[in-house]
file final.cif (mmCIF, C-alpha atoms and all ligand atoms)
data_query
loop_
_atom_site.label_atom_id
_atom_site.label_comp_id
_atom_site.auth_asym_id
_atom_site.auth_seq_id
_atom_site.Cartn_x
_atom_site.Cartn_y
_atom_site.Cartn_z
CA MET A 1 0.00 0.00 0.00
CA ASP A 2 1.34 3.41 -0.95
CA TRP A 3 0.50 5.31 2.23
CA VAL A 4 2.11 8.52 0.99
CA ALA A 5 -0.07 8.54 -2.14
CA LEU A 6 -3.12 7.84 0.00
CA ARG A 7 -2.55 11.10 1.87
CA SER A 8 -3.75 13.04 -1.15
CA GLU A 9 -7.20 11.61 -0.33
CA PHE A 10 -7.05 13.29 3.08
CA PRO A 11 -7.24 17.09 2.80
CA VAL A 12 -6.63 17.36 6.55
CA THR A 13 -2.98 16.39 5.97
CA ARG A 14 -2.32 19.73 4.25
CA ARG A 15 -2.47 21.59 7.52
CA TRP A 16 -2.47 19.16 10.43
CA ALA A 17 -0.84 16.10 11.84
CA PHE A 18 -4.24 14.80 12.88
CA PHE A 19 -4.36 12.25 15.71
CA ASP A 20 -7.91 12.60 16.98
CA HIS A 21 -9.97 10.00 15.12
CA ALA A 22 -11.40 8.81 18.43
CA ALA A 23 -13.24 12.16 18.65
CA VAL A 24 -14.41 13.62 15.34
CA ALA A 25 -12.43 12.52 12.31
CA PRO A 26 -11.81 14.69 9.27
CA LEU A 27 -13.82 13.83 6.19
CA SER A 28 -11.91 11.86 3.61
CA GLY A 29 -11.60 13.49 0.20
CA PRO A 30 -14.07 11.01 -1.35
CA ALA A 31 -16.57 11.77 1.44
CA GLN A 32 -16.19 15.49 0.87
CA ARG A 33 -16.76 15.04 -2.87
CA ALA A 34 -19.78 12.79 -2.33
CA MET A 35 -21.43 15.30 0.00
CA THR A 36 -20.64 18.16 -2.34
CA ALA A 37 -22.06 16.29 -5.33
CA TRP A 38 -25.25 15.66 -3.37
CA ALA A 39 -25.49 19.31 -2.28
CA VAL A 40 -24.93 20.63 -5.81
CA HIS A 41 -27.46 18.20 -7.25
CA MET A 42 -30.11 19.02 -4.64
CA ALA A 43 -29.57 22.75 -5.08
CA GLU A 44 -30.02 22.46 -8.82
CA ASN A 45 -32.75 19.82 -8.97
CA GLY A 46 -34.59 19.46 -5.70
CA ASP A 47 -36.37 16.10 -5.68
CA ALA A 48 -36.55 15.76 -9.49
CA ASP A 49 -34.09 12.84 -9.38
CA LEU A 50 -34.59 11.66 -5.84
CA SER A 51 -34.56 7.98 -6.74
CA GLN A 52 -30.89 8.24 -7.67
CA TRP A 53 -30.07 9.14 -4.05
CA GLU A 54 -32.45 6.53 -2.67
CA CYS A 55 -30.58 3.90 -4.70
CA ARG A 56 -27.28 5.14 -3.37
CA VAL A 57 -28.58 4.94 0.21
CA GLU A 58 -29.30 1.26 -0.43
CA ASP A 59 -25.76 0.84 -1.85
CA VAL A 60 -24.38 2.23 1.39
CA ARG A 61 -26.60 -0.15 3.36
CA ARG A 62 -25.01 -2.98 1.35
CA LEU A 63 -21.55 -1.63 2.21
CA LEU A 64 -22.48 -1.67 5.90
CA GLY A 65 -23.77 -5.22 5.52
CA ARG A 66 -20.43 -6.14 3.99
CA LEU A 67 -18.54 -4.40 6.79
CA LEU A 68 -20.40 -6.34 9.46
CA ASN A 69 -20.79 -9.48 7.34
CA THR A 70 -24.55 -9.54 7.57
CA ASP A 71 -27.61 -9.09 5.41
CA PRO A 72 -27.97 -5.36 4.63
CA LEU A 73 -31.54 -5.58 5.92
CA ASP A 74 -30.10 -6.18 9.37
CA VAL A 75 -28.76 -2.64 9.54
CA ALA A 76 -30.64 0.60 10.02
CA PHE A 77 -29.23 4.08 9.61
CA VAL A 78 -29.23 6.05 12.83
CA LYS A 79 -28.33 9.60 13.73
CA ASN A 80 -25.80 8.50 16.35
CA THR A 81 -24.68 5.66 18.62
CA SER A 82 -26.93 6.81 21.43
CA GLU A 83 -30.02 6.43 19.26
CA GLY A 84 -29.28 2.75 18.66
CA ILE A 85 -28.58 2.11 22.35
CA GLY A 86 -31.87 3.83 23.14
CA PHE A 87 -33.80 1.55 20.75
CA VAL A 88 -32.72 -1.45 22.79
CA ALA A 89 -32.82 0.16 26.24
CA GLU A 90 -36.31 1.53 25.70
CA GLY A 91 -37.70 -1.37 23.70
CA PHE A 92 -36.43 -4.37 25.66
CA PRO A 93 -39.08 -6.37 27.55
CA TRP A 94 -37.76 -5.64 31.03
CA ASN A 95 -39.14 -6.95 34.27
CA ALA A 96 -38.56 -5.14 37.53
CA GLY A 97 -35.46 -6.61 39.17
CA ASP A 98 -33.61 -7.21 35.88
CA ASN A 99 -30.11 -5.79 35.50
CA VAL A 100 -27.76 -4.58 32.78
CA VAL A 101 -24.02 -5.03 33.10
CA THR A 102 -21.66 -2.49 31.64
CA ALA A 103 -18.24 -1.07 32.50
CA ALA A 104 -17.46 1.84 34.76
CA GLU A 105 -15.15 3.31 32.12
CA GLU A 106 -17.78 3.31 29.35
CA TYR A 107 -18.60 6.51 27.49
CA PRO A 108 -21.74 8.11 29.01
CA SER A 109 -23.89 7.19 26.00
CA ASN A 110 -23.65 3.58 27.14
CA ILE A 111 -24.57 4.36 30.74
CA TYR A 112 -27.37 6.93 30.82
CA PRO A 113 -29.84 5.05 28.56
CA TRP A 114 -29.66 2.11 30.98
CA MET A 115 -29.79 4.33 34.08
CA ASN A 116 -32.91 5.88 32.61
CA LEU A 117 -34.64 2.53 33.20
CA ALA A 118 -34.50 2.87 36.99
CA GLY A 119 -38.19 3.73 37.01
CA ARG A 120 -38.88 0.33 35.42
CA GLY A 121 -36.91 -1.41 38.16
CA VAL A 122 -33.80 -2.10 36.09
CA GLU A 123 -30.45 -2.01 37.88
CA VAL A 124 -27.25 -0.91 36.15
CA ARG A 125 -24.06 -2.69 37.21
CA GLN A 126 -20.83 -0.97 36.28
CA VAL A 127 -17.78 -3.17 36.40
CA ALA A 128 -14.66 -1.31 37.47
CA SER A 129 -11.49 -1.59 35.42
CA ARG A 130 -8.28 -2.79 36.96
CA ARG A 131 -6.06 0.07 35.92
CA ASN A 132 -6.17 -0.11 32.12
CA ARG A 133 -8.17 -3.29 31.47
CA ILE A 134 -11.64 -4.68 31.96
CA ASP A 135 -11.17 -8.18 33.30
CA ILE A 136 -13.59 -10.77 31.94
CA ASP A 137 -13.62 -12.47 35.34
CA ASP A 138 -14.90 -9.24 36.88
CA LEU A 139 -17.61 -9.10 34.22
CA ARG A 140 -18.52 -12.71 34.89
CA ALA A 141 -18.77 -12.01 38.61
CA ALA A 142 -21.24 -9.18 37.95
CA LEU A 143 -23.68 -11.46 36.08
CA ASP A 144 -26.53 -13.28 37.74
CA ASN A 145 -29.80 -14.86 36.71
CA ARG A 146 -31.45 -11.43 36.43
CA THR A 147 -28.85 -10.06 33.99
CA ARG A 148 -30.58 -9.52 30.66
CA ILE A 149 -28.04 -7.46 28.70
CA VAL A 150 -24.29 -6.87 28.78
CA SER A 151 -23.46 -3.63 26.97
CA LEU A 152 -19.86 -2.70 26.22
CA SER A 153 -17.78 -0.75 23.76
CA SER A 154 -15.65 -2.68 21.33
CA VAL A 155 -12.84 -0.28 22.34
CA GLU A 156 -12.97 1.91 25.43
CA PHE A 157 -12.91 5.59 24.54
CA ALA A 158 -10.39 6.80 27.13
CA SER A 159 -8.05 3.87 27.77
CA GLY A 160 -8.19 2.36 24.28
CA PHE A 161 -8.74 -1.09 25.80
CA ARG A 162 -10.18 -3.50 23.26
CA ASN A 163 -12.80 -5.78 24.75
CA ASP A 164 -12.70 -9.40 23.63
CA LEU A 165 -16.09 -9.50 21.94
CA ASP A 166 -15.91 -13.21 21.13
CA ALA A 167 -15.15 -14.20 24.71
CA ILE A 168 -17.66 -11.82 26.29
CA GLY A 169 -20.34 -12.65 23.73
CA SER A 170 -19.81 -16.37 24.32
CA LEU A 171 -20.10 -15.84 28.05
CA CYS A 172 -23.40 -14.08 27.44
CA ARG A 173 -24.70 -16.76 25.07
CA GLU A 174 -23.94 -19.52 27.61
CA ARG A 175 -26.17 -17.73 30.09
CA GLY A 176 -28.92 -16.54 27.77
CA ILE A 177 -27.86 -12.91 28.16
CA PHE A 178 -27.99 -10.49 25.22
CA PHE A 179 -24.84 -8.65 24.15
CA PHE A 180 -24.89 -5.04 22.95
CA VAL A 181 -21.75 -3.58 21.38
CA ASP A 182 -21.06 0.13 21.04
CA ALA A 183 -18.70 -0.19 18.08
CA ILE A 184 -17.94 3.47 17.40
CA GLN A 185 -14.32 3.26 18.56
CA SER A 186 -13.36 0.47 16.19
CA LEU A 187 -15.80 0.10 13.32
CA GLY A 188 -14.02 0.51 10.01
CA VAL A 189 -10.54 -0.23 11.33
CA LEU A 190 -10.85 -3.38 13.44
CA PRO A 191 -12.78 -6.35 12.05
CA LEU A 192 -16.21 -7.09 13.46
CA ASP A 193 -18.15 -9.96 11.93
CA VAL A 194 -21.57 -10.18 13.53
CA SER A 195 -22.34 -13.49 11.88
CA ALA A 196 -19.33 -15.04 13.64
CA ALA A 197 -19.10 -13.02 16.87
CA PRO A 198 -21.88 -13.53 19.42
CA VAL A 199 -23.20 -9.97 19.09
CA ASP A 200 -26.95 -9.33 19.33
CA PHE A 201 -27.16 -5.55 18.93
CA LEU A 202 -24.65 -2.96 17.77
CA SER A 203 -24.60 0.76 17.27
CA ALA A 204 -22.01 3.23 15.99
CA ASP A 205 -21.95 6.66 14.48
CA GLY A 206 -19.82 7.20 11.38
CA HIS A 207 -17.77 10.22 12.38
CA LYS A 208 -14.77 8.51 13.94
CA TRP A 209 -12.82 5.63 12.41
CA LEU A 210 -15.29 5.28 9.53
CA LEU A 211 -14.32 8.78 8.35
CA GLY A 212 -17.91 9.85 7.73
CA THR A 213 -19.86 12.76 9.15
CA GLU A 214 -21.58 13.27 12.44
CA GLY A 215 -25.23 12.25 12.26
CA ALA A 216 -25.06 9.19 10.00
CA GLY A 217 -24.38 5.92 11.75
CA VAL A 218 -25.47 2.32 11.90
CA PHE A 219 -27.64 0.15 14.15
CA TYR A 220 -27.54 -3.64 13.86
CA ILE A 221 -30.02 -6.06 15.36
CA ARG A 222 -30.06 -9.83 14.99
CA ARG A 223 -33.04 -10.64 12.79
CA ASP A 224 -34.68 -13.04 15.24
CA LEU A 225 -34.65 -10.39 17.95
CA VAL A 226 -36.54 -7.75 15.97
CA ASP A 227 -39.92 -8.82 17.33
CA ARG A 228 -38.60 -9.24 20.87
CA LEU A 229 -38.24 -5.47 21.24
CA HIS A 230 -41.01 -2.95 21.40
CA THR A 231 -40.25 -0.60 18.50
CA THR A 232 -39.79 2.94 19.74
CA GLY A 233 -39.86 6.01 17.53
CA VAL A 234 -42.14 4.48 14.89
CA GLY A 235 -42.83 6.66 11.83
CA TRP A 236 -44.10 6.45 8.27
CA ASN A 237 -40.94 4.66 7.15
CA SER A 238 -41.21 1.91 9.77
CA VAL A 239 -43.93 -0.04 7.98
CA VAL A 240 -43.94 -2.53 5.13
CA GLY A 241 -45.98 -0.33 2.75
CA CYS A 242 -44.17 2.87 3.69
CA HIS A 243 -44.43 4.46 0.24
CA ASP A 244 -48.19 4.18 0.03
CA PHE A 245 -49.04 7.32 1.96
CA SER A 246 -52.77 7.09 1.39
CA ARG A 247 -53.23 3.65 2.93
CA ILE A 248 -52.81 3.10 6.63
CA ASP A 249 -51.62 -0.44 7.21
CA PHE A 250 -49.70 -0.77 10.44
CA ARG A 251 -47.40 -3.69 9.78
CA LEU A 252 -43.85 -3.00 10.92
CA LYS A 253 -40.98 -4.04 8.67
CA PRO A 254 -39.76 -7.43 9.89
CA TYR A 255 -36.14 -6.24 10.03
CA ALA A 256 -33.95 -3.40 11.31
CA GLY A 257 -35.51 -0.90 8.91
CA ARG A 258 -38.51 -0.51 11.22
CA TRP A 259 -36.29 1.72 13.38
CA GLU A 260 -35.75 4.13 10.46
CA SER A 261 -38.74 6.21 11.35
CA GLY A 262 -38.65 8.77 8.56
CA THR A 263 -36.46 10.67 6.13
CA LEU A 264 -32.78 9.83 6.40
CA ASN A 265 -29.67 11.98 6.58
CA VAL A 266 -28.84 11.42 2.91
CA ALA A 267 -25.91 13.86 2.84
CA GLY A 268 -24.29 12.08 5.77
CA ILE A 269 -24.96 8.67 4.27
CA MET A 270 -23.28 9.80 1.02
CA ALA A 271 -20.17 10.70 2.99
CA LEU A 272 -20.23 7.47 4.95
CA GLY A 273 -20.56 5.43 1.77
CA ALA A 274 -17.64 7.16 0.07
CA SER A 275 -15.35 6.67 3.06
CA LEU A 276 -16.42 3.05 3.39
CA GLU A 277 -15.53 2.45 -0.26
CA LEU A 278 -12.13 4.01 0.37
CA LEU A 279 -11.56 1.76 3.39
CA PHE A 280 -12.64 -1.31 1.40
CA ASP A 281 -10.33 -0.29 -1.46
CA ILE A 282 -7.39 -0.20 0.93
CA GLY A 283 -8.66 -3.37 2.63
CA ILE A 284 -9.88 -3.39 6.25
CA PRO A 285 -7.22 -5.96 7.33
CA VAL A 286 -4.55 -3.72 5.77
CA VAL A 287 -5.96 -0.74 7.67
CA THR A 288 -5.95 -2.74 10.92
CA THR A 289 -2.34 -3.79 10.50
CA ARG A 290 -1.26 -0.27 9.64
CA ILE A 291 -2.99 1.34 12.63
CA LEU A 292 -1.63 -1.22 15.06
CA GLU A 293 1.84 -0.78 13.58
CA LEU A 294 1.63 3.02 13.89
CA THR A 295 0.38 2.82 17.46
CA ASP A 296 3.15 0.33 18.38
CA TYR A 297 5.65 2.78 16.93
CA LEU A 298 4.04 5.60 18.89
CA CYS A 299 4.18 3.64 22.16
CA GLU A 300 7.81 2.70 21.67
CA ALA A 301 8.76 6.28 20.87
CA ALA A 302 6.80 7.51 23.89
CA ARG A 303 8.53 5.05 26.22
CA ARG A 304 11.93 5.99 24.85
CA ALA A 305 11.03 9.62 25.59
CA GLY A 306 10.19 8.67 29.19
CA VAL A 307 6.42 8.99 28.73
CA GLU A 308 4.27 6.33 30.37
CA VAL A 309 1.93 4.45 28.06
CA PHE A 310 -1.29 3.88 30.00
CA SER A 311 -3.09 1.73 27.41
CA SER A 312 -2.66 -2.01 27.58
CA ARG A 313 -0.58 -2.98 24.56
CA SER A 314 -0.95 -6.73 24.96
CA PRO A 315 -1.77 -8.21 21.56
CA GLY A 316 -5.54 -8.72 22.02
CA ASP A 317 -6.00 -5.53 24.03
CA LYS A 318 -4.63 -2.89 21.72
CA SER A 319 -6.56 -0.57 19.43
CA GLY A 320 -6.15 2.68 17.54
CA ILE A 321 -6.38 4.66 20.77
CA VAL A 322 -3.25 5.28 22.82
CA SER A 323 -3.55 6.89 26.21
CA LEU A 324 -0.39 8.54 27.53
CA ARG A 325 0.44 9.83 30.98
CA THR A 326 2.26 13.05 30.25
CA PRO A 327 3.63 15.42 32.83
CA GLY A 328 1.41 18.39 33.67
CA ASP A 329 -2.08 19.23 32.54
CA PRO A 330 -2.90 17.33 29.33
CA ARG A 331 -5.23 20.17 28.28
CA ALA A 332 -2.23 22.50 28.07
CA LEU A 333 -0.45 19.92 25.95
CA VAL A 334 -3.44 19.67 23.63
CA ARG A 335 -3.32 23.45 23.14
CA LYS A 336 0.42 23.47 22.65
CA SER A 337 0.15 20.67 20.08
CA LYS A 338 -2.45 22.59 18.15
CA ASP A 339 -0.16 25.62 18.02
CA GLN A 340 2.37 23.32 16.35
CA GLY A 341 -0.10 21.89 13.84
CA ILE A 342 -0.75 18.65 15.74
CA ILE A 343 -4.27 17.63 16.78
CA VAL A 344 -4.54 15.33 19.80
CA ASN A 345 -7.03 15.17 22.65
CA GLN A 346 -7.26 14.42 26.33
CA ARG A 347 -9.53 12.07 28.25
CA ALA A 348 -9.53 10.96 31.89
CA GLY A 349 -6.62 13.28 32.67
CA ARG A 350 -4.37 11.70 30.07
CA LEU A 351 -3.30 12.56 26.55
CA ARG A 352 -5.26 10.56 23.96
CA VAL A 353 -3.65 9.93 20.59
CA SER A 354 -5.66 8.18 17.88
CA PRO A 355 -3.98 7.89 14.47
CA HIS A 356 -5.61 6.54 11.33
CA CYS A 357 -3.96 4.60 8.53
CA TYR A 358 -2.89 7.71 6.58
CA ASN A 359 -0.82 9.13 9.45
CA THR A 360 2.94 8.72 9.19
CA HIS A 361 5.87 7.80 11.37
CA GLU A 362 7.27 11.30 10.80
CA GLU A 363 4.10 12.83 12.22
CA ILE A 364 4.45 10.61 15.27
CA ASP A 365 8.09 11.72 15.65
CA ARG A 366 6.88 15.34 15.60
CA LEU A 367 4.30 14.60 18.26
CA ILE A 368 6.81 12.90 20.55
CA ALA A 369 9.32 15.72 20.05
CA MET A 370 6.62 18.20 20.98
CA ILE A 371 5.72 16.24 24.15
CA LYS A 372 9.42 16.09 25.11
CA SER A 373 10.08 19.76 24.52
C1 LIG B 1 -17.54 4.72 23.06
C2 LIG B 1 -18.33 5.86 22.53
N1 LIG B 1 -19.63 5.71 22.30
C3 LIG B 1 -20.37 6.72 21.78
C4 LIG B 1 -19.81 7.93 21.48
C5 LIG B 1 -20.62 9.01 20.86
O1 LIG B 1 -21.98 8.76 20.94
P1 LIG B 1 -22.95 9.38 19.85
O2 LIG B 1 -22.61 8.75 18.53
O3 LIG B 1 -24.30 9.02 20.34
O4 LIG B 1 -22.73 10.86 19.86
C6 LIG B 1 -18.45 8.14 21.72
C7 LIG B 1 -17.84 9.46 21.42
O5 LIG B 1 -16.74 9.76 21.80
C8 LIG B 1 -17.71 7.08 22.24
O6 LIG B 1 -16.39 7.21 22.45
#
call {"tool": "encode", "arguments": {"input": "final.cif", "output": "structure tokens"}}
result
Amino acid sequence: MDWVALRSEFPVTRRWAFFDHAAVAPLSGPAQRAMTAWAVHMAENGDADLSQWECRVEDVRRLLGRLLNTDPLDVAFVKNTSEGIGFVAEGFPWNAGDNVVTAAEEYPSNIYPWMNLAGRGVEVRQVASRRNRIDIDDLRAALDNRTRIVSLSSVEFASGFRNDLDAIGSLCRERGIFFFVDAIQSLGVLPLDVSAAPVDFLSADGHKWLLGTEGAGVFYIRRDLVDRLHTTGVGWNSVVGCHDFSRIDFRLKPYAGRWESGTLNVAGIMALGASLELLFDIGIPVVTTRILELTDYLCEAARRAGVEVFSSRSPGDKSGIVSLRTPGDPRALVRKSKDQGIIVNQRAGRLRVSPHCYNTHEEIDRLIAMIKS
């Protein structure tokens, strides 16, 4: 792979060494062009050729199906990760006394929707991390016969710890517990095959590793679970005969599409589709290898510079997110980096660095030199 040539597809590289894909990623060039083409066309034509965009939306659904290795009908477009978590939290057939198990270090979008069920008698159990890892034995110890759902991120947003979805999902399956994965911190760069991994529900917005925009993401639900949930947020587009506006026939679509209540964020989906095609052209396994290689390089350089790497870098644990313990206030370092053309972030009192496949070793050298200086 010619990584240098690829950089021409990333306008952000003209100005920044950008290491903040765990927050809001820059649009790829193809995504920018796809959104612009849509905007120009809509400005000049309105809905005269709407079917062309509707077809493209279905193409993007197929790309998402390919990404997750599932039938495209098993995915619904959502406005963000939280929306997908809410579909399950609000729609699940809870009984008072049930519990949900999640991790203490989860991003708030995977905690509040479950906490919001307190009025229905649902308890939220938050498993504490041991320093930089979530131990599967601690998760196991939190489960009991009233646990209905385990909900975890594929990769933890602050520490970068990669949960072992196969092992946790298998643990859930053995006990008849459903497994929800917030995949936003890995989707597009780490493989996730829902037909092989024991994942029941998944949600992720497209504006991080998928290099799309904010407001266009994906929700996955296992087909046989569709009728187990009460469908929240039903709209005209949730039903089988959704295009026949003059006939009321309330039969929900028998697949994920019932959660697409109405008109979609077509501009955002255009961007997502273009970035997905770019990632597929490179090859997701190639992207994975590259990101893990860059982050290994970053960790070694950091250690050599006397900076403590907080993230677990054991083979199964590592991800595209590297959390560093730097001296002083990380917020000051974030500002100083920006002054030098380097975009990083801070979370949990540590510096968070999240490179994508188009970043370079030279950019990492610049970052480490800046931290040292
Ligand atoms: C693990 C995780 N989940 C979800 C989100 C964002 O949620 P949403 O897509 O609902 O804005 C983030 C953003 O940083 C995140 O790190």
call {"tool": "residues_around", "arguments": {"input": "final.cif", "residues": "Trp53 of chain A", "least_positions_apart": "2", "cutoff": "12 Å", "atoms": "all atoms listed in the file", "output": "ChimeraX atom specification"}}
result
/A:34-35,37-39,41-42,46-51,55-60,264-270,273
call {"tool": "residues_near_ligand", "arguments": {"input": "final.cif", "ligand": "ligand LIG 1 (chain B)", "cutoff": "10 Å", "atoms": "only C-alpha atoms and all ligand atoms", "output": "count of residues only"}}
result
46
call {"tool": "closest_residue", "arguments": {"input": "final.cif", "among": "A:Arg131, A:Arg120, A:Arg61, A:Arg352", "to": "Gly97 of chain A", "atoms": "all atoms listed in the file"}}
result
A:Arg120
call {"tool": "closest_residue", "arguments": {"input": "final.cif", "among": "A:Thr13, A:Thr147, A:Asn69, A:Thr102", "to": "Phe180 of chain A", "atoms": "all atoms listed in the file"}}
result
A:Thr102
call {"tool": "atom_distance", "arguments": {"input": "final.cif", "atom1": "atom CA of Trp259 of chain A", "atom2": "atom CA of Ser275 of chain A"}}
result
23.9 Å
call {"tool": "atom_distance", "arguments": {"input": "final.cif", "atom1": "atom CA of Leu192 of chain A", "atom2": "atom CA of Leu68 of chain A"}}
result
5.8 Å
call {"tool": "atom_distance", "arguments": {"input": "final.cif", "atom1": "atom CA of Leu27 of chain A", "atom2": "atom CA of Ala348 of chain A"}}
result
26.2 Å
call {"tool": "closest_residue", "arguments": {"input": "final.cif", "among": "A:Val100, A:Val322, A:Ala89, A:Leu6", "to": "Gly29 of chain A", "atoms": "all atoms listed in the file"}}
result
A:Leu6
call {"tool": "residues_around", "arguments": {"input": "final.cif", "residues": "Arg335 of chain A", "least_positions_apart": "6", "cutoff": "10 Å", "atoms": "all atoms listed in the file", "output": "list in words"}}
result
Gly341, Ile342, Ile343, Val344 and Asn345 of chain A
call {"tool": "residues_around", "arguments": {"input": "final.cif", "residues": "segment 232-235 of chain A", "least_positions_apart": "6", "cutoff": "12 Å", "atoms": "all atoms listed in the file", "output": "JSON, numbers by chain"}}
result
{"A": [78, 83, 84, 85, 86, 87, 88, 89, 90, 91, 92, 226, 241, 242, 243, 245, 248, 250, 251, 252, 253, 256, 257, 258, 259, 260, 261, 262, 263, 264]}
call {"tool": "closest_residue", "arguments": {"input": "final.cif", "among": "A:Ser129, A:Thr289, A:Asn95, A:Ser354", "to": "Arg148 of chain A", "atoms": "only C-alpha atoms"}}
result
A:Asn95
call {"tool": "residues_near_point", "arguments": {"input": "final.cif", "point": "(-20.2, -8.6, 4.6)", "cutoff": "12 Å", "atoms": "all atoms listed in the file", "output": "VMD selection string"}}
result
chain A and resid 61 to 75 191 to 196 280 284
call {"tool": "residues_near_point", "arguments": {"input": "final.cif", "point": "(-8.6, -3.9, 31.2)", "cutoff": "9 Å", "atoms": "only C-alpha atoms", "output": "count of residues only"}}
result
15
call {"tool": "closest_residue", "arguments": {"input": "final.cif", "among": "A:Thr360, A:Thr288, A:Ser319, A:Gln52", "to": "Gly188 of chain A", "atoms": "all atoms listed in the file"}}
result
A:Thr288
call {"tool": "residues_around", "arguments": {"input": "final.cif", "residues": "Leu351 of chain A", "least_positions_apart": "3", "cutoff": "7 Å", "atoms": "all atoms listed in the file", "output": "PyMOL selection string"}}
result
chain A and resi 323-326+330+345-347
call {"tool": "write_last_selection", "arguments": {"input": "final.cif", "atoms": "C-alpha atoms", "output": "mmCIF file, keeping the file's coordinate frame"}}
result
data_model
loop_
_atom_site.group_PDB
_atom_site.id
_atom_site.type_symbol
_atom_site.label_atom_id
_atom_site.label_comp_id
_atom_site.auth_asym_id
_atom_site.auth_seq_id
_atom_site.Cartn_x
_atom_site.Cartn_y
_atom_site.Cartn_z
ATOM 1 C CA SER A 323 -3.550 6.890 26.210
ATOM 2 C CA LEU A 324 -0.390 8.540 27.530
ATOM 3 C CA ARG A 325 0.440 9.830 30.980
ATOM 4 C CA THR A 326 2.260 13.050 30.250
ATOM 5 C CA PRO A 330 -2.900 17.330 29.330
ATOM 6 C CA ASN A 345 -7.030 15.170 22.650
ATOM 7 C CA GLN A 346 -7.260 14.420 26.330
ATOM 8 C CA ARG A 347 -9.530 12.070 28.250
#
call {"tool": "axis_aligned_box", "arguments": {"input": "final.cif", "around": "segment 231-241 of chain A", "padding_each_side": "5 Å", "output": "JSON"}}
result
{"center_x": -42.9, "center_y": 2.1, "center_z": 11.2, "size_x": 16.2, "size_y": 19.2, "size_z": 27.0}
call {"tool": "decode", "arguments": {"input": "final.cif", "residues": "segment 329-340 of chain A", "atoms": "N, CA, C and O atoms", "output": "PDB file, in the first residue's frame"}}
result
ATOM      1  N   ASP A 329      -0.677  19.268  32.943  1.00  0.00           N
ATOM      2  CA  ASP A 329      -2.084  19.229  32.539  1.00  0.00           C
ATOM      3  C   ASP A 329      -2.188  18.853  31.059  1.00  0.00           C
ATOM      4  O   ASP A 329      -1.676  19.574  30.194  1.00  0.00           O
ATOM      5  N   PRO A 330      -2.834  17.730  30.740  1.00  0.00           N
ATOM      6  CA  PRO A 330      -2.904  17.334  29.328  1.00  0.00           C
ATOM      7  C   PRO A 330      -3.626  18.367  28.457  1.00  0.00           C
ATOM      8  O   PRO A 330      -3.379  18.441  27.255  1.00  0.00           O
ATOM      9  N   ARG A 331      -4.512  19.161  29.085  1.00  0.00           N
ATOM     10  CA  ARG A 331      -5.227  20.167  28.278  1.00  0.00           C
ATOM     11  C   ARG A 331      -4.256  21.206  27.725  1.00  0.00           C
ATOM     12  O   ARG A 331      -4.397  21.690  26.600  1.00  0.00           O
ATOM     13  N   ALA A 332      -3.236  21.531  28.533  1.00  0.00           N
ATOM     14  CA  ALA A 332      -2.229  22.496  28.070  1.00  0.00           C
ATOM     15  C   ALA A 332      -1.445  21.898  26.904  1.00  0.00           C
ATOM     16  O   ALA A 332      -1.109  22.591  25.932  1.00  0.00           O
ATOM     17  N   LEU A 333      -1.198  20.597  27.009  1.00  0.00           N
ATOM     18  CA  LEU A 333      -0.445  19.918  25.946  1.00  0.00           C
ATOM     19  C   LEU A 333      -1.268  19.868  24.647  1.00  0.00           C
ATOM     20  O   LEU A 333      -0.718  20.004  23.547  1.00  0.00           O
ATOM     21  N   VAL A 334      -2.564  19.682  24.804  1.00  0.00           N
ATOM     22  CA  VAL A 334      -3.445  19.665  23.631  1.00  0.00           C
ATOM     23  C   VAL A 334      -3.378  21.028  22.921  1.00  0.00           C
ATOM     24  O   VAL A 334      -3.275  21.106  21.689  1.00  0.00           O
ATOM     25  N   ARG A 335      -3.383  22.091  23.726  1.00  0.00           N
ATOM     26  CA  ARG A 335      -3.317  23.452  23.138  1.00  0.00           C
ATOM     27  C   ARG A 335      -1.960  23.693  22.481  1.00  0.00           C
ATOM     28  O   ARG A 335      -1.866  24.225  21.373  1.00  0.00           O
ATOM     29  N   LYS A 336      -0.930  23.267  23.182  1.00  0.00           N
ATOM     30  CA  LYS A 336       0.424  23.465  22.648  1.00  0.00           C
ATOM     31  C   LYS A 336       0.593  22.678  21.332  1.00  0.00           C
ATOM     32  O   LYS A 336       1.177  23.189  20.360  1.00  0.00           O
ATOM     33  N   SER A 337       0.062  21.487  21.311  1.00  0.00           N
ATOM     34  CA  SER A 337       0.152  20.675  20.082  1.00  0.00           C
ATOM     35  C   SER A 337      -0.518  21.401  18.930  1.00  0.00           C
ATOM     36  O   SER A 337       0.019  21.463  17.821  1.00  0.00           O
ATOM     37  N   LYS A 338      -1.690  21.932  19.219  1.00  0.00           N
ATOM     38  CA  LYS A 338      -2.447  22.595  18.148  1.00  0.00           C
ATOM     39  C   LYS A 338      -1.651  23.765  17.583  1.00  0.00           C
ATOM     40  O   LYS A 338      -1.609  23.979  16.360  1.00  0.00           O
ATOM     41  N   ASP A 339      -0.989  24.501  18.474  1.00  0.00           N
ATOM     42  CA  ASP A 339      -0.157  25.617  18.016  1.00  0.00           C
ATOM     43  C   ASP A 339       0.924  25.132  17.056  1.00  0.00           C
ATOM     44  O   ASP A 339       1.426  25.884  16.232  1.00  0.00           O
ATOM     45  N   GLN A 340       1.305  23.871  17.219  1.00  0.00           N
ATOM     46  CA  GLN A 340       2.368  23.321  16.354  1.00  0.00           C
ATOM     47  C   GLN A 340       1.796  22.470  15.215  1.00  0.00           C
ATOM     48  O   GLN A 340       2.522  21.674  14.605  1.00  0.00           O
TER      49      GLN A 340
END
